[in-house]
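Take a look at the structure below.
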Amino acid sequence: MKTYLKRREAEQLEKPALCVRDRLLIRLFSRLGCREALALSVEDIDLDRGTATIIRVRMRVGLSCAHCNTRLTRKHRFCPGCGSVAEAVREEQEYRHARTVPLGADTLKMLREYIDQGGPVTRGGKRLIIGIGRRRAWQIMRQCAKKAGIDNV
């Protein structure tokens with residue numbers, strides 16, 4: 001599997017795409033360089049400034065002793081801090097990292113047309129640009145790569 005596409009390959013990949021959504025998907029993947037493109041909402045796009053804000057959310061799960069708050073692993077049977085039978089308390093922490101990336105004029109034009117045509121999908125109160133899952137996105141990428149004659153996408 002390729003880790004990146006050259007600009008010429010990305011342009012070749014767009015040509016066999018069947019609809020605007022698929023062409024936009026390929027363009028966002030290749031230009032933004034991240035899978036977070038699937039989570040982009042209309043609110044994340046600033047059409048006036050020509051930028052997209054990509055928010056990366058990571059969840060971190062930690063376990064700690066219910067009695068003394070010592071960090072535990074899943075394998076602990078006894079707490080190393082207080083010696084009690086390990087009753088683990090699950091702690092979830094969310095880390096957010098945002099970055100703003102510029103979009104080219106051709107990508108902005110395609111985004112405007114797509115949004116004006118009613119392309120975004122509403123899910124969970126957000127208007128997602130693409131509105132499909134990772135599995136379907138990679139199916140589209142592989143199909144277009146096969147038609148374009150690009151191997152290992």
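Chain labels run A, B, ... following the order of the structure tokens; each chain numbers its residues from 1, and ligands are numbered from 1 in the order shown.
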
Where does DSSP see strand (DSSP E) in chain A, if you list the residues as an MDAnalysis selection string?
chainID A and resid 45:46 51:65 71:72 88:102 121:123 126:128

Just to be explicit: take each residue in the selection above, keep N, CA and C atoms, and write the result as a compact mmCIF listing (two decimals), in the first residue's frame.
# COMPACT_ATOMS: atom_id res chain seq x y z
N ILE A 45 -15.11 24.58 7.14
CA ILE A 45 -14.60 25.19 5.91
C ILE A 45 -14.89 26.69 5.94
N ASP A 46 -13.85 27.48 5.74
CA ASP A 46 -14.01 28.93 5.63
C ASP A 46 -13.83 29.27 4.15
N THR A 51 -9.77 28.24 3.69
CA THR A 51 -9.09 27.33 4.60
C THR A 51 -10.05 26.28 5.15
N ALA A 52 -9.46 25.20 5.63
CA ALA A 52 -10.20 24.15 6.32
C ALA A 52 -9.55 23.94 7.68
N THR A 53 -10.36 23.84 8.72
CA THR A 53 -9.86 23.55 10.05
C THR A 53 -10.08 22.08 10.33
N ILE A 54 -8.99 21.37 10.55
CA ILE A 54 -9.05 19.93 10.78
C ILE A 54 -8.88 19.69 12.26
N ILE A 55 -9.86 19.05 12.86
CA ILE A 55 -9.82 18.76 14.28
C ILE A 55 -9.56 17.27 14.45
N ARG A 56 -8.50 16.98 15.16
CA ARG A 56 -8.14 15.59 15.40
C ARG A 56 -8.45 15.30 16.86
N VAL A 57 -9.28 14.30 17.10
CA VAL A 57 -9.69 13.92 18.44
C VAL A 57 -9.08 12.56 18.76
N ARG A 58 -8.40 12.48 19.89
CA ARG A 58 -7.84 11.21 20.34
C ARG A 58 -8.41 10.92 21.72
N MET A 59 -8.77 9.69 21.91
CA MET A 59 -9.26 9.26 23.21
C MET A 59 -8.16 8.45 23.89
N ARG A 60 -7.94 8.74 25.14
CA ARG A 60 -6.97 8.00 25.92
C ARG A 60 -7.69 7.42 27.12
N VAL A 61 -7.55 6.12 27.33
CA VAL A 61 -8.20 5.45 28.44
C VAL A 61 -7.13 5.06 29.45
N GLY A 62 -7.34 5.42 30.69
CA GLY A 62 -6.41 5.06 31.76
C GLY A 62 -7.16 4.32 32.85
N LEU A 63 -6.46 3.44 33.54
CA LEU A 63 -7.04 2.70 34.65
C LEU A 63 -6.31 3.10 35.92
N SER A 64 -7.05 3.30 37.00
CA SER A 64 -6.43 3.62 38.27
C SER A 64 -7.16 2.89 39.38
N CYS A 65 -6.47 2.74 40.51
CA CYS A 65 -7.03 2.05 41.68
C CYS A 65 -8.15 2.89 42.27
N ARG A 71 -1.94 4.32 39.17
CA ARG A 71 -2.19 3.84 37.80
C ARG A 71 -2.05 2.33 37.73
N LEU A 72 -2.95 1.70 36.99
CA LEU A 72 -2.95 0.24 36.83
C LEU A 72 -2.91 -0.12 35.35
N ALA A 88 -10.38 -1.47 39.35
CA ALA A 88 -9.94 -0.41 38.44
C ALA A 88 -11.07 0.57 38.15
N VAL A 89 -10.70 1.83 38.14
CA VAL A 89 -11.61 2.89 37.73
C VAL A 89 -11.14 3.35 36.36
N ARG A 90 -12.05 3.36 35.43
CA ARG A 90 -11.72 3.74 34.05
C ARG A 90 -11.81 5.25 33.91
N GLU A 91 -10.75 5.84 33.39
CA GLU A 91 -10.72 7.29 33.15
C GLU A 91 -10.49 7.53 31.67
N GLU A 92 -11.40 8.27 31.06
CA GLU A 92 -11.25 8.60 29.65
C GLU A 92 -10.90 10.07 29.53
N GLN A 93 -9.90 10.35 28.73
CA GLN A 93 -9.52 11.73 28.47
C GLN A 93 -9.55 11.96 26.97
N GLU A 94 -10.03 13.11 26.60
CA GLU A 94 -10.12 13.47 25.19
C GLU A 94 -9.11 14.57 24.90
N TYR A 95 -8.29 14.33 23.88
CA TYR A 95 -7.31 15.33 23.46
C TYR A 95 -7.72 15.85 22.08
N ARG A 96 -7.78 17.15 21.95
CA ARG A 96 -8.14 17.76 20.67
C ARG A 96 -6.96 18.56 20.15
N HIS A 97 -6.72 18.39 18.87
CA HIS A 97 -5.66 19.13 18.21
C HIS A 97 -6.26 19.68 16.92
N ALA A 98 -6.16 20.98 16.71
CA ALA A 98 -6.73 21.59 15.52
C ALA A 98 -5.63 22.23 14.70
N ARG A 99 -5.76 22.11 13.39
CA ARG A 99 -4.83 22.79 12.48
C ARG A 99 -5.64 23.35 11.32
N THR A 100 -5.18 24.46 10.81
CA THR A 100 -5.85 25.12 9.69
C THR A 100 -4.96 24.99 8.46
N VAL A 101 -5.56 24.49 7.38
CA VAL A 101 -4.79 24.29 6.15
C VAL A 101 -5.45 25.06 5.01
N PRO A 102 -4.63 25.58 4.10
CA PRO A 102 -5.19 26.30 2.95
C PRO A 102 -5.74 25.33 1.91
N VAL A 121 -24.16 15.88 4.16
CA VAL A 121 -25.10 14.99 4.85
C VAL A 121 -25.17 15.40 6.31
N THR A 122 -26.37 15.49 6.87
CA THR A 122 -26.53 15.85 8.28
C THR A 122 -26.54 14.59 9.13
N ARG A 123 -25.60 14.55 10.09
CA ARG A 123 -25.51 13.44 11.05
C ARG A 123 -25.15 14.00 12.41
N LYS A 126 -24.43 17.72 12.79
CA LYS A 126 -23.36 18.32 11.99
C LYS A 126 -23.63 18.07 10.52
N ARG A 127 -23.30 19.04 9.68
CA ARG A 127 -23.41 18.87 8.23
C ARG A 127 -22.05 18.43 7.71
N LEU A 128 -21.89 17.10 7.52
CA LEU A 128 -20.63 16.54 7.06
C LEU A 128 -20.48 16.72 5.56

Can you pull out every residue from chain A that DSSP, working from the backbone, puts in helix (DSSP H, G or I), and format the result as a PyMOL selection string?
chain A and resi 7-14+20-32+35-39+42-44+105-116+134-148

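Closest approach to Thr107 (chain A) among A:Cys68, A:Leu13, A:Leu47, A:Cys19: A:Leu47, based on only C-alpha atoms.
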
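When only C-alpha atoms are used to measure the gap to Arg27 (chain A), the shortest distance among A:Gln117, A:Thr70, A:Ser41, A:Gln12 belongs to A:Gln12.
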
Nearest to Arg112 (chain A) by atom-to-atom distance, counting only C-alpha atoms, from A:His76, A:Arg8, A:Leu38, A:Asp48
A:Asp48

Can you pull out every residue within 9 Å of Lys6 (chain A), counting only C-alpha atoms, but drop anything in the same chain fewer than 4 positions away, and send it as a VMD selection string?
chain A and resid 10 to 11 30

Can those selected residues be exported to a file as a compact mmCIF listing (two decimals), in the first residue's frame so that it contains N, CA and C atoms?
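Result went into selection.txt, see below:
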# COMPACT_ATOMS: atom_id res chain seq x y z
N ALA A 10 -2.80 11.70 -8.09
CA ALA A 10 -4.04 12.15 -7.48
C ALA A 10 -5.00 12.70 -8.54
N GLU A 11 -4.47 13.43 -9.51
CA GLU A 11 -5.31 13.94 -10.59
C GLU A 11 -5.86 12.81 -11.44
N SER A 30 -6.06 13.78 -0.94
CA SER A 30 -4.74 14.04 -1.50
C SER A 30 -4.20 15.42 -1.13

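Straight-line separation from CA of Arg136 (chain A) to CA of Gly50 (chain A): 27.3 Å.
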
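Nearest-residue note for Phe29 (chain A): choosing from A:Cys82, A:Leu111, A:Ala17, A:Met141, the minimum distance belongs to A:Met141, counting only C-alpha atoms.
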
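In this model, the gap between CA of Ile150 (chain A) and CA of Arg23 (chain A) comes to 15.8 Å.
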